[in-house]
Each structure stands twice: as C-alpha cells, then as structure tokens.
>>> print(open('run09.txt').read())   # compact mmCIF, C-alpha atoms
# COMPACT_ATOMS: atom_id res chain seq x y z
CA MET A 1 -10.02 -30.59 2.54
CA THR A 2 -7.83 -32.16 5.22
CA SER A 3 -4.68 -30.51 6.51
CA THR A 4 -2.60 -33.02 4.56
CA ASP A 5 -4.55 -32.29 1.37
CA LEU A 6 -4.17 -28.56 1.92
CA GLN A 7 -0.43 -28.83 2.48
CA ALA A 8 -0.11 -30.93 -0.68
CA THR A 9 -2.12 -28.33 -2.63
CA ILE A 10 0.15 -25.49 -1.50
CA ALA A 11 3.23 -27.59 -2.29
CA HIS A 12 1.89 -28.30 -5.78
CA MET A 13 1.16 -24.60 -6.35
CA GLY A 14 4.65 -23.73 -5.13
CA ALA A 15 6.30 -26.16 -7.52
CA ALA A 16 4.24 -24.82 -10.42
CA ALA A 17 5.10 -21.24 -9.44
CA ARG A 18 8.81 -22.08 -9.31
CA ALA A 19 8.66 -23.54 -12.81
CA ALA A 20 6.70 -20.52 -14.08
CA SER A 21 9.07 -18.05 -12.43
CA SER A 22 12.00 -19.32 -14.51
CA LYS A 23 10.02 -18.70 -17.69
CA MET A 24 8.82 -15.29 -16.48
CA ALA A 25 12.38 -14.21 -15.64
CA ALA A 26 13.36 -14.90 -19.25
CA ALA A 27 10.15 -13.59 -20.84
CA PRO A 28 10.53 -10.86 -23.48
CA THR A 29 9.29 -7.41 -22.52
CA ALA A 30 6.88 -7.49 -25.47
CA ALA A 31 5.16 -10.63 -24.17
CA LYS A 32 4.78 -9.21 -20.65
CA ASN A 33 3.37 -5.97 -22.05
CA ALA A 34 0.99 -7.88 -24.29
CA ALA A 35 -0.39 -9.74 -21.27
CA LEU A 36 -0.91 -6.48 -19.37
CA LEU A 37 -2.69 -4.81 -22.29
CA ALA A 38 -4.86 -7.88 -22.79
CA LEU A 39 -5.77 -7.80 -19.11
CA ALA A 40 -6.71 -4.11 -19.30
CA ARG A 41 -8.90 -4.85 -22.31
CA LEU A 42 -10.65 -7.74 -20.55
CA LEU A 43 -11.34 -5.66 -17.43
CA ARG A 44 -13.12 -3.08 -19.57
CA SER A 45 -14.92 -5.36 -22.00
CA GLU A 46 -16.09 -7.79 -19.29
CA SER A 47 -16.86 -5.25 -16.57
CA ALA A 48 -20.55 -6.15 -16.65
CA GLN A 49 -19.79 -9.88 -16.33
CA LEU A 50 -17.75 -9.21 -13.20
CA GLN A 51 -20.57 -7.42 -11.38
CA PRO A 52 -22.76 -10.42 -10.37
CA ASP A 53 -19.89 -12.17 -8.56
CA ASN A 54 -18.90 -8.94 -6.84
CA ALA A 55 -22.51 -8.22 -5.86
CA ARG A 56 -22.78 -11.65 -4.20
CA ASP A 57 -19.64 -10.94 -2.17
CA VAL A 58 -20.96 -7.54 -1.09
CA GLU A 59 -24.36 -8.97 -0.14
CA ALA A 60 -22.78 -11.80 1.85
CA ALA A 61 -20.50 -9.34 3.66
CA GLN A 62 -23.42 -7.11 4.60
CA ALA A 63 -25.44 -10.11 5.79
CA ALA A 64 -22.48 -11.23 7.93
CA GLY A 65 -22.36 -7.81 9.59
CA LEU A 66 -18.98 -6.79 8.16
CA ALA A 67 -18.04 -3.21 9.08
CA ALA A 68 -19.01 -0.56 6.54
CA PRO A 69 -15.38 0.36 5.62
CA MET A 70 -14.66 -3.32 4.90
CA VAL A 71 -17.76 -3.63 2.74
CA ASP A 72 -16.74 -0.47 0.90
CA ARG A 73 -13.36 -2.02 0.09
CA LEU A 74 -15.09 -5.01 -1.50
CA ARG A 75 -16.84 -3.08 -4.23
CA LEU A 76 -15.66 -3.41 -7.83
CA THR A 77 -17.31 -0.34 -9.28
CA PRO A 78 -16.78 0.59 -12.94
CA LYS A 79 -14.56 3.43 -11.69
CA ILE A 80 -12.36 1.02 -9.72
CA LEU A 81 -12.13 -1.39 -12.66
CA GLU A 82 -11.17 1.49 -14.94
CA THR A 83 -8.49 2.56 -12.47
CA VAL A 84 -6.91 -0.91 -12.32
CA ALA A 85 -7.16 -1.23 -16.11
CA GLN A 86 -5.28 2.06 -16.42
CA GLY A 87 -2.78 0.70 -13.91
CA CYS A 88 -2.11 -2.28 -16.19
CA GLU A 89 -1.56 0.06 -19.13
CA GLN A 90 0.67 2.34 -17.09
CA ILE A 91 2.83 -0.62 -16.04
CA ALA A 92 3.00 -1.83 -19.65
CA ALA A 93 4.26 1.61 -20.70
CA MET A 94 6.99 1.66 -18.08
CA PRO A 95 10.56 0.55 -18.83
CA ASP A 96 11.20 -3.11 -18.07
CA PRO A 97 13.52 -3.18 -15.04
CA ILE A 98 14.62 -6.78 -15.55
CA GLY A 99 18.12 -7.15 -16.94
CA GLU A 100 19.00 -3.50 -16.38
CA ILE A 101 22.73 -3.11 -15.65
CA THR A 102 23.85 -0.21 -13.49
CA GLU A 103 26.98 1.03 -11.75
CA LEU A 104 29.25 -0.69 -14.28
CA ARG A 105 32.83 0.37 -13.64
CA ARG A 106 36.26 -0.77 -14.73
CA MET A 107 38.58 -2.04 -12.00
CA PRO A 108 42.41 -1.86 -11.96
CA SER A 109 42.53 -5.62 -12.58
CA GLY A 110 40.80 -5.13 -15.94
CA ILE A 111 37.42 -6.60 -15.02
CA SER A 112 34.23 -4.53 -15.19
CA VAL A 113 31.93 -4.84 -12.18
CA GLY A 114 28.26 -3.84 -12.11
CA ARG A 115 24.84 -4.81 -10.87
CA MET A 116 21.90 -6.36 -12.73
CA ARG A 117 18.26 -6.09 -11.69
CA VAL A 118 16.54 -9.49 -11.45
CA PRO A 119 13.15 -10.80 -10.24
CA LEU A 120 12.73 -11.96 -6.65
CA GLY A 121 11.32 -15.28 -7.93
CA VAL A 122 8.00 -16.18 -6.32
CA PHE A 123 6.09 -13.97 -3.91
CA GLY A 124 3.05 -14.88 -1.86
CA MET A 125 0.39 -12.20 -1.44
CA ILE A 126 -2.11 -12.45 1.41
CA TYR A 127 -4.76 -9.76 1.45
CA GLU A 128 -8.20 -8.89 2.77
CA SER A 129 -11.28 -7.26 1.25
CA ARG A 130 -10.04 -5.35 -1.79
CA PRO A 131 -10.46 -7.63 -4.85
CA ASN A 132 -8.70 -5.04 -7.05
CA VAL A 133 -5.50 -6.14 -5.28
CA THR A 134 -5.74 -9.36 -7.33
CA ILE A 135 -5.15 -7.34 -10.49
CA GLU A 136 -2.54 -5.04 -8.97
CA ALA A 137 -0.51 -7.98 -7.66
CA ALA A 138 -0.85 -9.94 -10.90
CA SER A 139 0.12 -7.02 -13.13
CA LEU A 140 3.19 -6.16 -11.06
CA ALA A 141 4.23 -9.82 -10.98
CA ILE A 142 3.95 -10.06 -14.75
CA LYS A 143 6.01 -6.96 -15.55
CA SER A 144 8.65 -7.68 -12.90
CA GLY A 145 9.17 -11.22 -14.23
CA ASN A 146 8.02 -12.91 -11.04
CA ALA A 147 5.48 -15.62 -10.31
CA CYS A 148 3.02 -15.16 -7.47
CA ILE A 149 0.60 -17.11 -5.32
CA LEU A 150 -2.38 -15.02 -4.23
CA ARG A 151 -4.62 -15.66 -1.25
CA GLY A 152 -7.45 -13.16 -0.88
CA GLY A 153 -9.95 -12.91 1.92
CA SER A 154 -12.92 -15.26 2.09
CA GLU A 155 -15.25 -12.24 1.89
CA ALA A 156 -14.04 -11.55 -1.69
CA ILE A 157 -13.61 -15.12 -2.95
CA ARG A 158 -16.09 -14.88 -5.85
CA SER A 159 -14.70 -11.55 -7.08
CA ASN A 160 -11.11 -12.75 -6.79
CA LEU A 161 -11.81 -15.95 -8.71
CA ALA A 162 -13.53 -13.99 -11.49
CA LEU A 163 -10.62 -11.55 -11.78
CA TRP A 164 -8.01 -14.31 -11.64
CA ARG A 165 -9.65 -16.11 -14.57
CA ARG A 166 -9.18 -12.92 -16.64
CA VAL A 167 -5.52 -12.85 -15.62
CA GLN A 168 -5.05 -16.44 -16.80
CA THR A 169 -6.74 -15.60 -20.11
CA ALA A 170 -4.41 -12.64 -20.61
CA LEU A 171 -1.30 -14.71 -19.78
CA ALA A 172 -2.31 -17.46 -22.20
CA GLU A 173 -3.07 -14.93 -24.91
CA ALA A 174 0.46 -13.52 -24.56
CA GLY A 175 2.08 -16.97 -24.59
CA LEU A 176 3.16 -16.81 -20.95
CA PRO A 177 2.68 -19.61 -18.37
CA ILE A 178 -0.70 -19.36 -16.66
CA ASP A 179 0.87 -20.69 -13.44
CA ALA A 180 2.76 -17.41 -13.16
CA VAL A 181 -0.28 -16.10 -11.28
CA GLN A 182 -2.12 -18.59 -9.07
CA LEU A 183 -4.95 -18.04 -6.62
CA VAL A 184 -5.58 -20.20 -3.55
CA GLU A 185 -9.16 -21.24 -4.23
CA THR A 186 -10.05 -22.42 -0.73
CA THR A 187 -11.23 -20.08 2.03
CA ASP A 188 -9.72 -22.35 4.68
CA ARG A 189 -7.46 -20.14 6.83
CA ALA A 190 -5.04 -23.02 7.32
CA ALA A 191 -3.89 -22.40 3.75
CA VAL A 192 -2.22 -19.19 4.93
CA GLY A 193 -0.27 -21.11 7.57
CA HIS A 194 1.05 -23.58 5.01
CA LEU A 195 1.96 -20.85 2.52
CA ILE A 196 3.92 -18.65 4.94
CA ALA A 197 5.84 -21.67 6.25
CA SER A 198 6.97 -22.82 2.79
CA PRO A 199 10.33 -21.29 1.82
CA GLU A 200 10.51 -23.87 -0.95
CA ALA A 201 7.33 -22.37 -2.43
CA VAL A 202 7.83 -18.61 -2.01
CA ASP A 203 10.76 -16.21 -1.60
CA VAL A 204 8.86 -13.44 0.17
CA ILE A 205 5.40 -12.92 1.68
CA ILE A 206 3.50 -9.66 1.31
CA PRO A 207 0.50 -9.30 3.65
CA ARG A 208 -2.03 -6.55 3.00
CA GLY A 209 -4.88 -6.17 5.43
CA GLY A 210 -5.73 -5.57 9.07
CA LYS A 211 -3.18 -5.30 11.83
CA GLY A 212 -4.16 -8.71 13.25
CA LEU A 213 -3.47 -10.46 9.95
CA ILE A 214 -0.10 -8.77 9.49
CA GLU A 215 0.99 -9.40 13.08
CA ARG A 216 0.13 -13.10 12.70
CA ILE A 217 2.04 -13.45 9.45
CA SER A 218 5.06 -11.54 10.78
CA ARG A 219 5.11 -13.81 13.81
CA GLU A 220 4.64 -17.16 12.04
CA ALA A 221 6.29 -16.73 8.64
CA ARG A 222 9.42 -18.71 7.80
CA VAL A 223 10.17 -16.51 4.80
CA PRO A 224 10.90 -12.73 4.65
CA VAL A 225 7.87 -10.44 4.99
CA ILE A 226 7.31 -7.00 3.40
CA LYS A 227 4.72 -5.30 5.60
CA HIS A 228 3.17 -2.36 7.35
CA LEU A 229 1.10 -2.85 10.48
CA ASP A 230 -1.06 0.26 10.42
CA GLY A 231 -1.42 3.73 8.96
CA ASN A 232 -1.57 6.42 11.63
CA CYS A 233 -0.90 9.27 9.19
CA HIS A 234 -0.44 12.87 10.35
CA VAL A 235 -1.07 16.30 8.91
CA TYR A 236 0.88 19.10 10.61
CA VAL A 237 -0.28 22.69 9.97
CA ASP A 238 2.69 24.99 10.54
CA ALA A 239 2.59 28.57 11.87
CA GLN A 240 3.23 30.11 8.42
CA VAL A 241 0.70 28.63 6.04
CA ASP A 242 -1.73 29.52 3.28
CA MET A 243 -5.01 29.12 5.15
CA ASP A 244 -7.21 28.14 2.20
CA MET A 245 -4.66 25.59 1.01
CA ALA A 246 -4.30 24.14 4.51
CA LEU A 247 -8.06 23.75 4.88
CA ARG A 248 -8.43 22.10 1.48
CA VAL A 249 -5.52 19.67 1.91
CA THR A 250 -6.32 18.76 5.53
CA ASP A 251 -9.93 18.00 4.69
CA ASN A 252 -8.95 15.94 1.66
CA ALA A 253 -6.43 13.94 3.68
CA LYS A 254 -9.15 12.96 6.14
CA THR A 255 -12.42 12.81 4.24
CA GLN A 256 -11.72 12.12 0.54
CA LYS A 257 -11.98 8.48 1.64
CA VAL A 258 -11.72 7.46 5.29
CA SER A 259 -11.02 3.73 4.93
CA PRO A 260 -7.58 3.57 3.23
CA CYS A 261 -4.35 3.32 5.19
CA ASN A 262 -3.13 6.67 3.80
CA ALA A 263 -6.06 8.69 5.16
CA ALA A 264 -5.07 11.17 7.88
CA GLU A 265 -5.80 9.98 11.42
CA SER A 266 -4.08 12.77 13.40
CA LEU A 267 -4.03 16.55 12.99
CA LEU A 268 -1.34 18.67 14.62
CA VAL A 269 -1.69 22.46 14.50
CA HIS A 270 0.87 25.07 15.56
CA ALA A 271 -0.37 27.20 18.45
CA ALA A 272 0.19 30.42 16.48
CA ILE A 273 -2.28 29.42 13.74
CA ALA A 274 -4.65 27.22 15.76
CA PRO A 275 -7.16 29.98 16.80
CA ALA A 276 -7.72 30.85 13.13
CA PHE A 277 -7.44 27.38 11.61
CA LEU A 278 -9.19 24.99 14.00
CA PRO A 279 -12.65 26.61 14.04
CA ARG A 280 -12.70 26.65 10.24
CA ILE A 281 -11.62 23.02 9.77
CA GLY A 282 -13.93 22.11 12.65
CA ALA A 283 -16.90 23.63 10.82
CA ILE A 284 -16.04 21.68 7.65
CA TRP A 285 -15.81 18.44 9.59
CA ALA A 286 -18.91 19.15 11.68
CA ALA A 287 -20.89 19.33 8.42
CA LYS A 288 -19.43 15.95 7.40
CA GLY A 289 -19.97 14.23 10.75
CA VAL A 290 -16.29 13.82 11.60
CA GLU A 291 -15.63 13.16 15.28
CA MET A 292 -12.66 15.12 16.69
CA ARG A 293 -10.77 13.66 19.65
CA CYS A 294 -9.00 16.64 21.12
CA ASP A 295 -6.34 17.67 23.57
CA PRO A 296 -7.45 20.45 25.99
CA LYS A 297 -6.15 23.32 23.82
CA SER A 298 -7.81 22.17 20.61
CA GLN A 299 -10.99 21.29 22.49
CA ALA A 300 -11.25 24.85 23.82
CA LEU A 301 -10.97 26.22 20.27
CA LEU A 302 -13.38 23.73 18.70
CA GLN A 303 -16.15 23.88 21.31
CA GLN A 304 -17.42 27.10 19.71
CA VAL A 305 -18.15 25.26 16.42
CA PRO A 306 -21.89 24.50 16.05
CA HIS A 307 -22.76 20.77 15.87
CA ALA A 308 -19.10 19.72 16.18
CA LYS A 309 -18.51 16.24 17.58
CA ILE A 310 -15.87 16.86 20.25
CA VAL A 311 -14.44 14.11 22.48
CA PRO A 312 -11.47 14.46 24.89
CA ALA A 313 -8.53 12.50 23.54
CA THR A 314 -6.97 9.63 25.48
CA GLU A 315 -3.34 8.55 25.23
CA GLN A 316 -4.45 5.71 22.93
CA ASP A 317 -5.95 8.17 20.45
CA TRP A 318 -2.53 9.51 19.47
CA SER A 319 -1.56 6.05 18.16
CA GLU A 320 -4.92 5.01 16.71
CA GLU A 321 -5.72 4.09 13.10
CA TYR A 322 -9.48 4.73 12.96
CA LEU A 323 -10.31 3.99 9.30
CA ALA A 324 -13.47 5.94 10.04
CA SER A 325 -14.78 9.52 10.32
CA ILE A 326 -12.71 10.15 13.45
CA ILE A 327 -9.49 12.13 13.86
CA SER A 328 -7.28 13.05 16.80
CA VAL A 329 -6.42 16.76 17.12
CA LYS A 330 -3.59 18.37 19.06
CA VAL A 331 -2.14 21.89 19.34
CA VAL A 332 1.67 21.94 19.41
CA GLU A 333 4.01 24.77 20.34
CA SER A 334 6.70 24.19 17.72
CA LEU A 335 7.92 22.22 14.73
CA ASP A 336 10.17 20.30 17.13
CA GLU A 337 7.15 19.16 19.14
CA ALA A 338 5.29 18.15 15.98
CA ILE A 339 8.19 16.04 14.70
CA ALA A 340 8.72 14.42 18.09
CA HIS A 341 5.00 13.61 18.37
CA ILE A 342 4.88 12.05 14.89
CA ASN A 343 8.00 9.95 15.44
CA ARG A 344 6.68 8.72 18.79
CA TYR A 345 3.06 7.97 17.95
CA GLY A 346 3.05 7.56 14.17
CA SER A 347 3.23 4.29 12.26
CA HIS A 348 6.02 5.44 9.92
CA HIS A 349 3.62 5.31 6.99
CA THR A 350 2.83 8.80 5.62
CA ASP A 351 3.00 12.26 7.20
CA ALA A 352 2.56 15.74 5.74
CA ILE A 353 3.51 19.31 6.65
CA LEU A 354 1.51 22.28 5.36
CA THR A 355 3.74 25.35 5.43
CA GLU A 356 5.13 28.37 3.58
CA ASN A 357 8.39 28.13 5.54
CA HIS A 358 10.94 26.36 3.33
CA PRO A 359 13.50 25.55 6.07
CA ASN A 360 10.71 24.00 8.17
CA ALA A 361 9.57 21.95 5.19
CA MET A 362 13.09 20.65 4.61
CA ARG A 363 13.53 19.79 8.30
CA PHE A 364 10.24 17.90 8.27
CA LEU A 365 11.33 15.91 5.21
CA ARG A 366 14.66 15.00 6.79
CA GLU A 367 13.58 14.32 10.37
CA VAL A 368 10.18 12.61 10.16
CA ASP A 369 10.93 8.87 10.11
CA SER A 370 8.25 7.69 7.71
CA ALA A 371 8.10 5.84 4.41
CA SER A 372 6.42 8.80 2.65
CA VAL A 373 6.84 12.41 3.81
CA MET A 374 5.00 15.24 2.06
CA VAL A 375 5.03 19.02 1.83
CA ASN A 376 1.77 20.83 1.03
CA ALA A 377 0.04 17.72 -0.32
CA SER A 378 -2.62 15.32 0.92
CA THR A 379 -1.51 12.07 2.54
CA ARG A 380 -3.96 10.36 0.18
CA PHE A 381 -1.30 10.61 -2.55
CA ALA A 382 0.78 7.90 -0.82
CA ASP A 383 -0.19 5.30 -3.39
CA GLY A 384 1.62 3.38 -6.09
CA PHE A 385 -0.72 4.58 -8.83
CA GLU A 386 -0.40 8.24 -7.75
CA PHE A 387 3.40 7.90 -7.45
CA GLY A 388 3.60 6.72 -11.06
CA LEU A 389 4.39 3.10 -10.20
CA GLY A 390 1.37 1.87 -12.18
CA ALA A 391 0.10 0.01 -9.16
CA GLU A 392 1.40 -1.11 -5.82
CA ILE A 393 1.71 -4.47 -4.15
CA GLY A 394 1.34 -2.74 -0.79
CA ILE A 395 2.95 -0.19 1.47
CA SER A 396 6.10 -1.08 3.38
CA THR A 397 7.08 0.65 6.60
CA ASP A 398 10.12 -1.60 6.90
CA LYS A 399 13.56 -0.14 6.27
CA PHE A 400 15.13 -3.09 4.48
CA HIS A 401 14.69 -3.86 0.78
CA ALA A 402 11.52 -1.87 0.10
CA ARG A 403 9.95 1.17 1.79
CA GLY A 404 6.74 3.03 0.97
CA PRO A 405 4.58 2.00 -1.99
CA VAL A 406 6.06 -1.23 -3.38
CA GLY A 407 5.96 -1.27 -7.16
CA LEU A 408 8.08 -2.93 -9.82
CA GLU A 409 11.45 -2.10 -8.29
CA GLY A 410 10.35 -3.39 -4.89
CA LEU A 411 9.69 -6.80 -6.46
CA THR A 412 13.21 -7.09 -7.81
CA SER A 413 16.67 -7.64 -6.40
CA MET A 414 20.17 -6.86 -7.58
CA LYS A 415 22.94 -9.29 -8.35
CA TRP A 416 26.59 -8.50 -9.02
CA ILE A 417 27.91 -9.15 -12.50
CA VAL A 418 31.50 -9.24 -13.69
CA LEU A 419 32.58 -8.77 -17.32
CA GLY A 420 36.07 -9.87 -18.20
CA GLN A 421 38.35 -10.73 -21.08
CA GLY A 422 40.26 -13.60 -19.54
CA GLU A 423 41.58 -11.76 -16.47
CA VAL A 424 42.93 -13.86 -13.59
CA ARG A 425 43.57 -12.75 -10.04
CA SER A 426 47.24 -12.41 -9.16
>>> encode(input="run09.txt", output="structure tokens")
Amino acid sequence: MTSTDLQATIAHMGAAARAASSKMAAAPTAAKNAALLALARLLRSESAQLQPDNARDVEAAQAAGLAAPMVDRLRLTPKILETVAQGCEQIAAMPDPIGEITELRRMPSGISVGRMRVPLGVFGMIYESRPNVTIEAASLAIKSGNACILRGGSEAIRSNLALWRRVQTALAEAGLPIDAVQLVETTDRAAVGHLIASPEAVDVIIPRGGKGLIERISREARVPVIKHLDGNCHVYVDAQVDMDMALRVTDNAKTQKVSPCNAAESLLVHAAIAPAFLPRIGAIWAAKGVEMRCDPKSQALLQQVPHAKIVPATEQDWSEEYLASIISVKVVESLDEAIAHINRYGSHHTDAILTENHPNAMRFLREVDSASVMVNASTRFADGFEFGLGAEIGISTDKFHARGPVGLEGLTSMKWIVLGQGEVRS
C-alpha cells in the first residue's frame, strides 16, 4: 500500500468512525449492554477458535527473537480470555455515564445550570503486544458511547483481527454500527503517523506500549494524547510495620508478574527496619532469581543471604523500569527521604507505603505525586479491572483530564447545560 493509499484508508476509517460516533452517543443503554454481553459470550464460546491465530503470533514472536516479557504479553490463555469476558460483563453492569446531569443549581436569574457527561467522540488507540487490549478498548468505547480506531502491534496482528471480528459480530447483534470499533488491518508503521496527525479523524490518541512508542506519539501527534511513559513503581517499607504483611505485599508487588507497568521496580526500606526486613525479603527473592541492585547500606545487609544476586546500583537504576526480575533497593533514613526519592526518580505511576503508622500513611497519600498511591497493598492492584472500572484503556500519568487507570469516565467529557423557562438576561 502506498503512502497515498494508506492516508486515504485512514481518512475513510475516520469518516466512518465519525458517523458511527453520532449513533453511539445516542445509543440506548440496553443496546450497549447487549453488545457487551454478546461479546463476553463469544469470547467464552469461541475461545478454542481463537487459539490457532494467537499461537501463530506467539510462534512468530519467538522466532523473531522478541524478549520473553513481550512474548508473555502476547498470550491469550483461557484465563486471560475469561478475565476480559468478565470485564465486559462488569462494564455492562455499571451505570451508563452518558447523559448524567450533575451539579444542577438554580441561579438568581431563574435559570438552572448544570453539567452533562458526554462521549469524547472518536479515540485512536495505539498499542503493542497485548491482544486483550483490543477487547478492553472496544468494550469501554461501546459503553461510553464513543467510536474508536484501534491499531495494535504487528506482533499480534492475527490475534487482534480475530478478536475484532468478534467485536463486530457483537455490535451487529445488538443493532449498533459495526464501524464504532475499527481495526487498522495493515502492519505498516506509517499508518500510525497518519492516524495521529488526523484531528478530523480522532479527538484523542491513547498510546499503550513501550516508552519509545509513547515518546514518538507524544512528539508527533496533532491531537491530544492520554499517556504514561513508564512505570517505575515503588514500595516503601516504613519503620513501624507488620513484618509478615510487608514481606507478602512486597514480594507480590515485584514477582506476581514482572512484566506489567504496575509491578514494583524500586524498594525503599527505613533504616530502623532494614536489618530485620532485607535479609528475609532477600531470601525470598534469591529463591526466585530476582536480581537486587543495591545502595551500599542495603548491599551490606543482603550480602549475607545465600545465593542472592546482588549488584551495586548506579544512578540510572533509581529511574529504571526493568519489566524483569530485577529491582533496585535502597535504605532511607526517614519518611521524608522516601517521599523525596519517589518524587524525584519515580514515574508518577503507582507507589505504595507499608506501615502501621497512620499519620505516615496519610502523609504518603498526600505528598507522593503519583496517579495511584497505596497503603498496605500491592502496586499490582493499579489496574482498571481491580479498581472496579471493568477494564482500562490505559494508565495516565498526566494531570489533565484523566489520571491513573482510564475507564469509562476517562473517555467522557462534561458540557454545561442550562434549563430555563423563558428567562432573558437583563
């Protein structure tokens, strides 16, 4: 396909999405819910039919030498399909935000002024690896009354096409326009350039993938971007803490799954608890093959752990998102030092404090400048599904419009409405 052909294709998709978005904005809640429930049913009943396409993507990725975490993200296991099916059902069960009127108040002039929640219109989603994002994006678009244009990574093209066809079937079954969810079927990277430079086609772009992809889109896009660049998430173990809880939560945050953006990449431990805590977490991680990149104080405490993989930390390690069985470790002297370290080196994604000190917990919540801040819970909970959003379109570390897991509300906007009975301004 030539550049001209590709540009024409994106323009055609944009026009179709615009037309579909008008119908989606006016679609009854019952029809949107019917499409979501139909999609959940298809994901379960046709799980076996989806496996051959997914297996071909996985095999091709392995043959191309794709990194193990990226290959892992490609897999559409029955468990993953069940999770996204449940996400569709959870979204269907949620109240429809579209048309909701809030803050309605009577003014001295006699008019009533309020705000109504409305769809954004058309969003473009550009993502890598995870084919389940196709379903998450489609389901959120449907319930929020938007249309969307999806462009997945070339490594997942067969899986994405197979999933998208189920989405179209579900939309048609519910009497909704199938152009409400479109997938760019070419793997040509130039398609991304045309999409992000087409304000007539899309109202907002949502990239989900590696830092290089997101930096490129942020730099070149001619439409607003909802993004996060990386996920350097921290766990801080405070001086007063339940030791068993701290060990369990810290290990879960790092090793429950190392490849997602909400996995812990940095561990900070208060000096008062470090001699008791670090050898024990070090032993757990030594058994799991986790490499610990340490400051001098933590290194001295961890060197006694048999078979521990200890490496002196560099300045770069404090800012690194590993997405692997590696974690940076530092001993801090105070809560102040922990907060300052997180705000300097963190990515403003997700950070957690483990503590029995309530004032410290409240300070951490107020002062850590991140999209999700947690007390005595694993960073792995920073997820739209776990937050009760049904699914997420991505994580935003921006401060405008949407922040944290972006669910239904993040795909809507507010407009002012005025209700009158013939009032005129004097």
>>> residues_around(input="run09.txt", residues="A:Ala286", least_positions_apart="2", cutoff="8 Å", atoms="only C-alpha atoms", output="PyMOL selection string")
chain A and resi 282-284+288-291+305-309
>>> atom_distance(input="run09.txt", atom1="atom CA of A:Glu100", atom2="atom CA of A:Val418")
14.0 Å
>>> closest_residue(input="run09.txt", among="A:Leu50, A:Gln256, A:Val241, A:Leu268", to="A:Glu333", atoms="only C-alpha atoms")
A:Leu268
>>> atom_distance(input="run09.txt", atom1="atom CA of A:Leu81", atom2="atom CA of A:Leu150")
18.8 Å
>>> residues_around(input="run09.txt", residues="A:Leu43", least_positions_apart="5", cutoff="8 Å", atoms="all atoms listed in the file", output="VMD selection string")
chain A and resid 81 to 82 85 166
>>> atom_distance(input="run09.txt", atom1="atom CA of A:Ser259", atom2="atom CA of A:Leu411")
25.9 Å
>>> closest_residue(input="run09.txt", among="A:Thr412, A:Arg219, A:Ala197, A:Ala253", to="A:Ile142", atoms="only C-alpha atoms")
A:Thr412
>>> decode(input="run09.txt", residues="stretch 125-131 of chain A", atoms="all heavy atoms", output="PDB file, in the first residue's frame")
ATOM      1  N   MET A 125      -6.538   4.316  19.445  1.00  0.00           N
ATOM      2  CA  MET A 125      -5.776   3.516  20.420  1.00  0.00           C
ATOM      3  C   MET A 125      -4.627   2.836  19.690  1.00  0.00           C
ATOM      4  O   MET A 125      -4.840   2.098  18.723  1.00  0.00           O
ATOM      5  CB  MET A 125      -6.695   2.481  21.053  1.00  0.00           C
ATOM      6  CG  MET A 125      -6.033   1.625  22.094  1.00  0.00           C
ATOM      7  SD  MET A 125      -5.964   2.479  23.669  1.00  0.00           S
ATOM      8  CE  MET A 125      -5.078   1.260  24.637  1.00  0.00           C
ATOM      9  N   ILE A 126      -3.400   3.119  20.130  1.00  0.00           N
ATOM     10  CA  ILE A 126      -2.212   2.510  19.534  1.00  0.00           C
ATOM     11  C   ILE A 126      -1.507   1.723  20.626  1.00  0.00           C
ATOM     12  O   ILE A 126      -1.131   2.282  21.655  1.00  0.00           O
ATOM     13  CB  ILE A 126      -1.284   3.591  18.947  1.00  0.00           C
ATOM     14  CG1 ILE A 126      -2.034   4.383  17.858  1.00  0.00           C
ATOM     15  CG2 ILE A 126      -0.019   2.964  18.365  1.00  0.00           C
ATOM     16  CD1 ILE A 126      -1.374   5.674  17.478  1.00  0.00           C
ATOM     17  N   TYR A 127      -1.351   0.426  20.412  1.00  0.00           N
ATOM     18  CA  TYR A 127      -0.851  -0.422  21.493  1.00  0.00           C
ATOM     19  C   TYR A 127       0.039  -1.517  20.940  1.00  0.00           C
ATOM     20  O   TYR A 127      -0.001  -1.857  19.752  1.00  0.00           O
ATOM     21  CB  TYR A 127      -2.013  -1.011  22.296  1.00  0.00           C
ATOM     22  CG  TYR A 127      -3.082  -1.701  21.469  1.00  0.00           C
ATOM     23  CD1 TYR A 127      -3.156  -3.080  21.388  1.00  0.00           C
ATOM     24  CD2 TYR A 127      -4.039  -0.953  20.774  1.00  0.00           C
ATOM     25  CE1 TYR A 127      -4.144  -3.714  20.640  1.00  0.00           C
ATOM     26  CE2 TYR A 127      -5.030  -1.566  20.025  1.00  0.00           C
ATOM     27  CZ  TYR A 127      -5.085  -2.949  19.962  1.00  0.00           C
ATOM     28  OH  TYR A 127      -6.061  -3.561  19.220  1.00  0.00           O
ATOM     29  N   GLU A 128       0.847  -2.076  21.834  1.00  0.00           N
ATOM     30  CA  GLU A 128       1.789  -3.128  21.475  1.00  0.00           C
ATOM     31  C   GLU A 128       1.452  -4.401  22.243  1.00  0.00           C
ATOM     32  O   GLU A 128       0.915  -4.354  23.351  1.00  0.00           O
ATOM     33  CB  GLU A 128       3.223  -2.704  21.810  1.00  0.00           C
ATOM     34  CG  GLU A 128       3.710  -1.498  21.035  1.00  0.00           C
ATOM     35  CD  GLU A 128       5.073  -1.004  21.484  1.00  0.00           C
ATOM     36  OE1 GLU A 128       5.441  -1.233  22.664  1.00  0.00           O
ATOM     37  OE2 GLU A 128       5.761  -0.391  20.664  1.00  0.00           O
ATOM     38  N   SER A 129       1.787  -5.518  21.652  1.00  0.00           N
ATOM     39  CA  SER A 129       1.785  -6.838  22.309  1.00  0.00           C
ATOM     40  C   SER A 129       0.418  -7.328  22.748  1.00  0.00           C
ATOM     41  O   SER A 129      -0.148  -8.196  22.103  1.00  0.00           O
ATOM     42  CB  SER A 129       2.745  -6.853  23.496  1.00  0.00           C
ATOM     43  OG  SER A 129       4.055  -6.680  23.052  1.00  0.00           O
ATOM     44  N   ARG A 130      -0.108  -6.794  23.837  1.00  0.00           N
ATOM     45  CA  ARG A 130      -1.275  -7.399  24.481  1.00  0.00           C
ATOM     46  C   ARG A 130      -2.523  -7.376  23.588  1.00  0.00           C
ATOM     47  O   ARG A 130      -3.170  -6.338  23.454  1.00  0.00           O
ATOM     48  CB  ARG A 130      -1.617  -6.667  25.775  1.00  0.00           C
ATOM     49  CG  ARG A 130      -0.544  -6.678  26.832  1.00  0.00           C
ATOM     50  CD  ARG A 130      -1.028  -5.891  28.036  1.00  0.00           C
ATOM     51  NE  ARG A 130       0.009  -5.636  28.998  1.00  0.00           N
ATOM     52  CZ  ARG A 130       0.318  -6.427  30.019  1.00  0.00           C
ATOM     53  NH1 ARG A 130      -0.332  -7.557  30.177  1.00  0.00           N
ATOM     54  NH2 ARG A 130       1.267  -6.107  30.870  1.00  0.00           N
ATOM     55  N   PRO A 131      -2.942  -8.511  23.024  1.00  0.00           N
ATOM     56  CA  PRO A 131      -4.153  -8.509  22.193  1.00  0.00           C
ATOM     57  C   PRO A 131      -5.429  -8.314  23.015  1.00  0.00           C
ATOM     58  O   PRO A 131      -6.448  -7.879  22.466  1.00  0.00           O
ATOM     59  CB  PRO A 131      -4.126  -9.873  21.509  1.00  0.00           C
ATOM     60  CG  PRO A 131      -3.226 -10.716  22.339  1.00  0.00           C
ATOM     61  CD  PRO A 131      -2.225  -9.801  22.962  1.00  0.00           C
TER      62      PRO A 131
END
